[in-house]
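Structure file start.txt (compact mmCIF, C-alpha atoms) follows.
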# COMPACT_ATOMS: atom_id res chain seq x y z
CA MET A 1 -40.09 16.98 0.53
CA ALA A 2 -36.36 17.00 0.59
CA VAL A 3 -34.57 15.87 3.68
CA PHE A 4 -30.99 16.90 3.58
CA GLU A 5 -28.08 18.25 5.51
CA GLY A 6 -25.65 18.86 2.79
CA ASP A 7 -25.26 20.04 -0.75
CA LYS A 8 -22.61 18.97 -3.15
CA GLY A 9 -19.47 20.76 -2.13
CA GLN A 10 -20.35 21.05 1.54
CA ARG A 11 -17.42 20.19 3.75
CA GLN A 12 -16.82 19.32 7.34
CA GLN A 13 -13.58 19.32 9.21
CA THR A 14 -12.53 16.83 11.86
CA LEU A 15 -9.56 16.90 14.16
CA VAL A 16 -8.33 13.35 14.61
CA ASN A 17 -6.15 13.37 17.66
CA SER A 18 -6.26 9.95 19.22
CA THR A 19 -5.77 6.27 18.70
CA THR A 20 -9.41 5.98 19.69
CA ALA A 21 -11.45 6.18 16.51
CA VAL A 22 -13.58 9.22 15.82
CA ALA A 23 -16.13 9.74 13.07
CA VAL A 24 -14.75 11.41 9.97
CA PHE A 25 -18.11 11.39 8.29
CA LEU A 26 -21.45 9.70 8.71
CA LEU A 27 -23.99 9.21 5.99
CA THR A 28 -27.13 8.28 7.80
CA HIS A 29 -30.61 7.44 6.64
CA ALA A 30 -32.14 8.53 9.91
CA SER A 31 -32.22 11.92 11.52
CA SER A 32 -29.09 12.04 13.62
CA SER A 33 -27.54 14.50 15.96
CA SER A 34 -24.17 12.81 15.71
CA SER A 35 -21.28 15.00 14.75
CA ASN A 36 -20.11 14.86 11.17
CA ALA A 37 -23.44 13.46 10.01
CA TRP A 38 -25.09 14.11 6.69
CA THR A 39 -28.67 12.95 6.76
CA PHE A 40 -30.69 11.70 3.83
CA LYS A 41 -33.38 9.19 3.18
CA THR A 42 -31.93 6.38 1.12
CA GLY A 43 -29.15 5.38 -1.19
CA THR A 44 -25.46 6.14 -1.31
CA ARG A 45 -23.37 9.24 -1.85
CA ASP A 46 -19.98 10.33 -3.08
CA VAL A 47 -17.50 11.73 -0.60
CA THR A 48 -14.03 13.15 -1.00
CA VAL A 49 -11.69 12.95 1.97
CA MET A 50 -8.47 14.93 2.34
CA ASN A 51 -5.86 14.86 5.07
CA THR A 52 -4.57 18.38 5.55
CA GLY A 53 -2.01 17.25 8.09
CA PRO A 54 0.28 17.53 9.83
CA ASN A 55 0.29 13.74 10.36
CA ALA A 56 -1.06 10.62 8.71
CA VAL A 57 -4.56 9.28 9.36
CA TRP A 58 -5.88 5.74 9.11
CA LEU A 59 -9.48 5.24 8.05
CA GLY A 60 -11.77 2.31 8.66
CA THR A 61 -15.29 1.15 9.14
CA SER A 62 -15.57 0.96 12.88
CA THR A 63 -14.00 1.80 16.18
CA SER A 64 -11.69 -1.18 15.67
CA VAL A 65 -9.68 0.66 13.02
CA THR A 66 -5.98 0.81 13.87
CA THR A 67 -2.82 2.21 12.35
CA ALA A 68 -1.73 -1.37 11.68
CA THR A 69 -4.63 -2.39 9.50
CA GLY A 70 -6.56 0.72 8.51
CA PHE A 71 -6.50 2.58 5.23
CA LYS A 72 -3.60 5.02 5.42
CA VAL A 73 -4.05 8.57 4.15
CA GLY A 74 -0.83 10.54 4.19
CA VAL A 75 -0.53 14.29 4.65
CA GLY A 76 -1.90 16.12 1.64
CA GLU A 77 -3.39 12.98 0.16
CA GLN A 78 -7.00 12.62 -0.79
CA LEU A 79 -9.39 9.95 -1.92
CA THR A 80 -12.86 9.92 -3.39
CA LEU A 81 -15.40 7.30 -2.45
CA GLN A 82 -18.24 6.88 -4.90
CA GLY A 83 -21.38 5.06 -3.87
CA VAL A 84 -20.83 4.79 -0.14
CA ALA A 85 -23.01 4.97 2.95
CA GLY A 86 -22.53 4.63 6.66
CA LYS A 87 -19.79 5.84 8.92
CA ILE A 88 -16.10 6.17 8.30
CA SER A 89 -13.84 6.50 11.33
CA GLY A 90 -10.25 7.63 11.67
CA VAL A 91 -7.33 7.28 14.07
CA THR A 92 -3.86 8.73 14.31
CA ALA A 93 -0.60 7.29 15.50
CA THR A 94 0.36 7.25 19.15
CA GLY A 95 1.76 10.44 20.53
CA PRO A 96 -0.86 11.36 19.66
CA LEU A 97 0.09 12.86 16.36
CA PRO A 98 -2.92 14.96 15.38
CA ALA A 99 -4.24 15.46 11.89
CA THR A 100 -7.10 17.35 10.35
CA VAL A 101 -9.36 15.57 7.91
CA ILE A 102 -11.77 17.35 5.61
CA ALA A 103 -14.65 15.35 4.21
CA GLY A 104 -16.62 16.90 1.40
CA LEU A 105 -19.77 15.77 -0.34
CA ALA A 106 -19.05 15.11 -3.96
CA SER A 107 -22.71 14.48 -4.66
CA ASN A 108 -25.87 16.01 -3.28
CA ALA A 109 -26.96 14.49 0.00
CA TRP A 110 -30.67 14.52 -0.37
CA VAL A 111 -33.41 12.43 -1.82
CA VAL A 112 -36.77 13.92 -2.69
CA MET B 1 1.02 3.02 -18.38
CA GLY B 2 -0.56 -0.01 -16.82
CA ASN B 3 -4.12 1.30 -17.12
CA THR B 4 -5.70 -2.03 -17.97
CA PRO B 5 -8.21 -3.13 -15.30
CA VAL B 6 -7.09 -6.15 -13.34
CA ALA B 7 -9.71 -8.33 -11.68
CA VAL B 8 -8.66 -9.39 -8.19
CA PRO B 9 -10.69 -11.95 -6.23
CA VAL B 10 -10.99 -11.12 -2.56
CA GLY B 11 -11.65 -13.67 0.15
CA PRO B 12 -11.82 -13.59 3.93
CA ALA B 13 -8.04 -13.60 4.30
CA ALA B 14 -6.35 -10.31 3.43
CA VAL B 15 -4.88 -10.29 -0.08
CA GLN B 16 -2.66 -7.66 -1.66
CA VAL B 17 -4.57 -5.86 -4.40
CA TYR B 18 -2.19 -3.05 -5.30
CA THR B 19 1.54 -2.43 -5.41
CA PRO B 20 2.58 1.16 -6.12
CA ALA B 21 4.84 1.85 -9.05
CA VAL B 22 8.44 2.65 -8.19
CA VAL B 23 8.79 5.39 -10.80
CA GLY B 24 6.47 8.35 -11.33
CA LYS B 25 3.40 9.49 -9.42
CA PRO B 26 1.19 6.44 -8.97
CA HIS B 27 -2.57 6.80 -9.09
CA LEU B 28 -5.24 4.23 -8.54
CA VAL B 29 -8.91 3.49 -9.07
CA ILE B 30 -10.57 0.46 -7.51
CA HIS B 31 -14.10 -0.59 -8.40
CA ASN B 32 -15.93 -3.20 -6.38
CA SER B 33 -17.55 -5.27 -9.11
CA GLY B 34 -18.66 -8.05 -6.79
CA PRO B 35 -21.89 -8.50 -4.86
CA ALA B 36 -20.57 -7.76 -1.38
CA THR B 37 -18.69 -5.09 0.52
CA VAL B 38 -14.91 -5.36 0.44
CA TYR B 39 -12.65 -3.79 3.06
CA LEU B 40 -9.41 -2.02 2.15
CA GLY B 41 -6.39 -1.43 4.35
CA GLN B 42 -2.96 -2.71 5.16
CA VAL B 43 -1.63 -6.21 5.60
CA GLY B 44 -3.90 -8.11 7.97
CA VAL B 45 -6.92 -5.96 7.19
CA THR B 46 -10.27 -7.40 8.23
CA ALA B 47 -13.90 -6.43 7.86
CA ALA B 48 -13.70 -4.92 11.33
CA THR B 49 -10.74 -2.67 10.63
CA GLY B 50 -10.70 -1.79 6.95
CA LEU B 51 -12.23 0.95 4.86
CA PRO B 52 -15.52 -0.37 3.43
CA LEU B 53 -16.07 -0.32 -0.30
CA PRO B 54 -19.66 -1.40 -0.95
CA SER B 55 -20.71 -3.35 -4.00
CA LYS B 56 -20.61 -1.17 -7.11
CA ALA B 57 -18.73 1.56 -5.23
CA LYS B 58 -15.47 3.02 -6.41
CA ILE B 59 -12.48 4.61 -4.75
CA SER B 60 -10.11 6.97 -6.54
CA LEU B 61 -6.69 7.91 -5.24
CA PRO B 62 -4.80 10.57 -7.21
CA PHE B 63 -1.65 9.65 -5.31
CA ALA B 64 -1.40 6.03 -4.17
CA ASN B 65 2.06 5.39 -2.82
CA VAL B 66 1.45 2.50 -0.44
CA ALA B 67 0.49 -1.11 -1.01
CA LEU B 68 -3.15 -1.98 -0.44
CA TYR B 69 -4.73 -5.12 0.88
CA ALA B 70 -8.36 -6.22 0.90
CA ALA B 71 -10.60 -8.70 2.67
CA CYS B 72 -14.23 -9.53 2.21
CA GLY B 73 -16.97 -9.25 4.78
CA GLY B 74 -19.84 -11.43 5.86
CA LEU B 75 -17.60 -13.52 8.02
CA THR B 76 -19.11 -15.76 10.65
CA LEU B 77 -17.02 -17.33 13.34
CA SER B 78 -17.72 -20.98 13.97
CA GLY B 79 -19.24 -21.65 17.33
CA THR B 80 -17.81 -25.15 17.47
CA VAL B 81 -14.46 -25.19 15.66
CA THR B 82 -12.38 -22.97 17.86
CA SER B 83 -9.30 -23.26 20.01
CA ASN B 84 -6.65 -21.12 21.65
CA LEU B 85 -3.00 -20.51 20.96
CA SER B 86 -0.72 -22.56 23.17
CA THR B 87 2.38 -20.84 21.78
CA ALA B 88 2.80 -17.12 21.22
CA VAL B 89 2.91 -15.91 17.62
CA THR B 90 5.34 -13.30 16.35
CA GLY B 91 4.03 -11.21 13.51
CA GLY B 92 6.01 -11.51 10.31
CA THR B 93 8.11 -14.34 11.71
CA SER B 94 6.05 -17.27 12.93
CA THR B 95 5.11 -19.86 10.34
CA THR B 96 2.73 -21.98 12.39
CA LEU B 97 -0.14 -21.65 14.84
CA VAL B 98 0.10 -24.14 17.68
CA VAL B 99 -3.29 -24.56 19.31
CA ALA B 100 -4.59 -26.42 22.33
CA SER B 101 -6.84 -28.59 20.15
CA GLY B 102 -6.73 -29.16 16.42
CA THR B 103 -10.13 -30.80 16.25
CA GLY B 104 -12.19 -29.60 13.29
CA PHE B 105 -9.42 -27.69 11.55
CA ALA B 106 -8.40 -28.74 8.04
CA ALA B 107 -6.30 -27.60 5.10
CA GLY B 108 -7.96 -24.96 2.96
CA GLN B 109 -10.02 -23.49 5.76
CA VAL B 110 -9.84 -19.85 6.78
CA VAL B 111 -9.31 -19.06 10.44
CA GLN B 112 -9.39 -15.86 12.44
CA VAL B 113 -6.60 -15.35 14.93
CA GLY B 114 -7.12 -12.95 17.81
CA SER B 115 -9.85 -10.37 18.16
CA GLY B 116 -10.40 -6.64 17.95
CA GLY B 117 -7.84 -4.47 16.27
CA ASN B 118 -5.18 -7.13 15.86
CA ALA B 119 -7.51 -9.84 14.58
CA GLU B 120 -6.46 -11.31 11.26
CA THR B 121 -7.65 -14.04 8.96
CA LEU B 122 -5.38 -16.68 7.50
CA THR B 123 -5.86 -19.57 5.11
CA LEU B 124 -4.60 -22.94 6.34
CA LEU B 125 -2.10 -24.79 4.17
CA THR B 126 -2.06 -27.78 6.49
CA ALA B 127 -3.63 -28.79 9.79
CA ILE B 128 -1.74 -31.62 11.44
CA GLY B 129 -2.56 -32.40 15.04
CA THR B 130 -2.37 -29.19 16.99
CA THR B 131 -0.14 -27.46 14.45
CA LEU B 132 -1.85 -25.25 11.91
CA THR B 133 0.31 -23.91 9.09
CA PRO B 134 -1.09 -20.88 7.26
CA THR B 135 -0.25 -20.03 3.66
CA THR B 136 1.22 -16.71 4.81
CA LYS B 137 2.90 -15.61 8.00
CA PRO B 138 0.69 -13.85 10.53
CA ALA B 139 1.03 -10.07 10.32
CA PHE B 140 0.63 -9.40 14.04
CA ASP B 141 1.82 -10.68 17.37
CA HIS B 142 -0.61 -12.91 19.25
CA ALA B 143 -0.31 -14.04 22.85
CA VAL B 144 -0.87 -17.48 24.30
CA GLY B 145 -4.56 -17.97 24.87
CA GLU B 146 -5.79 -15.86 21.97
CA ALA B 147 -8.58 -17.54 20.02
CA VAL B 148 -8.14 -19.34 16.71
CA THR B 149 -11.56 -19.83 15.15
CA LEU B 150 -12.83 -21.27 11.88
CA VAL B 151 -14.37 -18.64 9.62
CA THR B 152 -17.49 -19.54 7.65
CA GLY B 153 -20.08 -17.69 5.65
CA ALA B 154 -17.72 -15.24 4.00
CA SER B 155 -18.98 -13.24 1.02
CA PRO B 156 -16.12 -13.28 -1.49
CA GLY B 157 -15.81 -10.29 -3.76
CA THR B 158 -14.03 -9.05 -6.84
CA LEU B 159 -12.19 -5.79 -7.29
CA ARG B 160 -11.29 -4.21 -10.58
CA VAL B 161 -8.03 -2.40 -10.06
CA VAL B 162 -6.78 0.25 -12.46
CA ALA B 163 -3.33 1.51 -11.60
CA GLY B 164 -1.16 3.96 -13.48
CA THR B 165 1.45 6.66 -13.17
CA SER B 166 1.73 10.25 -14.27
If you convert what's in this file into structure tokens, what do you get?
Amino acid sequence: MAVFEGDKGQRQQTLVNSTTAVAVFLLTHASSSSSNAWTFKTGTRDVTVMNTGPNAVWLGTSTSVTTATGFKVGVGEQLTLQGVAGKISGVTATGPLPATVIAGLASNAWVV
Amino acid sequence: MGNTPVAVPVGPAAVQVYTPAVVGKPHLVIHNSGPATVYLGQVGVTAATGLPLPSKAKISLPFANVALYAACGGLTLSGTVTSNLSTAVTGGTSTTLVVASGTGFAAGQVVQVGSGGNAETLTLLTAIGTTLTPTTKPAFDHAVGEAVTLVTGASPGTLRVVAGTS
């Protein structure tokens, strides 16, 4: 029985508009009602993340991510994470300077 | 150009793993070939603030125009070897950490300074009395009273970095 909330190519869009971290995507092994969650049983997945702007975004592993230490993704830039699990959070610079981040599954998010 | 993988050891103190090329459109692939998760970010990145790259995972950046730093996870803060700053630290400028008590600190150890988003880990070059001298300048400002704590139990990792231009 497949348990899944996402096929390869499925995307979700997140408005990051604060220096308080918000989830950009969540790969969870348990059923979750959290926003931006893809649910599956076990293992890791591949995810592509793109910042469609209009400002930079900083990504990190937890709510402690900051613009000073996080992983910077400039406007129009993208990255692909292969073999990841868990939650990735994002923040923007003070202002706040909002940005839209699109996370897309680059691999199927289910395990039979 | 420059597509040969480079193995970069990563410890608890943030280390620079990538410098973008000056000419052309730089691209980058980083593979975590070690046994533990490594965290990517900017100078001063820690396991609490960086982007996690699990063991065997890979990150690809078609356009990588900023320097990248990495630190390993698995850090444990010593419950006994800890003190507090008695002099404020200025990021990028200060060369020493002056603490209330230097007991238990020694050259070669890794310490965490501060907590939360501005926490950073530094390797000690020397520890003489209450003056701790790290191998690199702190990246962030730290106020008097912020904790300086010995880091133990880190899980060092290795990244394979492939950088090029197009």
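With only C-alpha atoms taken into account, chain B has B:Gly41, B:Gln42, B:Gly44, B:Val45, B:Thr49, B:Gly50, B:Leu51, B:Pro52, B:Ala57, B:Lys58, B:Ile59, B:Ser60, B:Leu61, B:Gly117 at most 6 Å from chain A.
Of the residues under consideration (B:Ser55, B:Thr37, B:Thr90, B:Thr152), B:Thr37 shows the shortest atom-to-atom contact distance to Ala70 of chain B when counting all atoms listed in the file.
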note = Among A:Ile102, A:Val91, A:Ala56, A:Met50, Asn36 of chain A is approached most closely, using only C-alpha atoms, by A:Ile102
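Nearest residue to Pro12 of chain B among B:Val43, B:Leu28, B:Ala36, B:Ala154 is B:Ala154, counting only C-alpha atoms.
For the pair atom CA of Leu27 of chain A and atom CA of Thr39 of chain A, the interatomic distance is 6.0 Å.
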key: Interatomic distance, atom CA of Ala37 of chain A to atom CA of Leu159 of chain B (Å, one decimal)   = 28.2 Å
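Taking atom CA of Ser33 of chain B and atom CA of Leu53 of chain B as endpoints, the distance between them is 10.2 Å.
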query = Which is closest to Leu150 of chain B among B:Ala88, B:Leu125, B:Val22, B:Val110, if we use only C-alpha atoms?
reply = B:Val110
request  = Could you give me, as number ranges by chain, the residues within 7 Å of segment 74-83 of chain B, counting all atoms listed in the file and dropping anything in the same chain fewer than 4 positions from it?
outcome  = B: 99-101, 104-105, 147-155
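Restricting the calculation to only C-alpha atoms, the smallest distance between Gly34 of chain B and any of B:Pro9, B:Gly91, B:Pro138, B:Gly129 is found for B:Pro9.
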ask   = Using all atoms listed in the file, which of B:Thr46, B:Thr133, B:Thr93, B:Thr158 sits nearest Gln112 of chain B?
value = B:Thr46
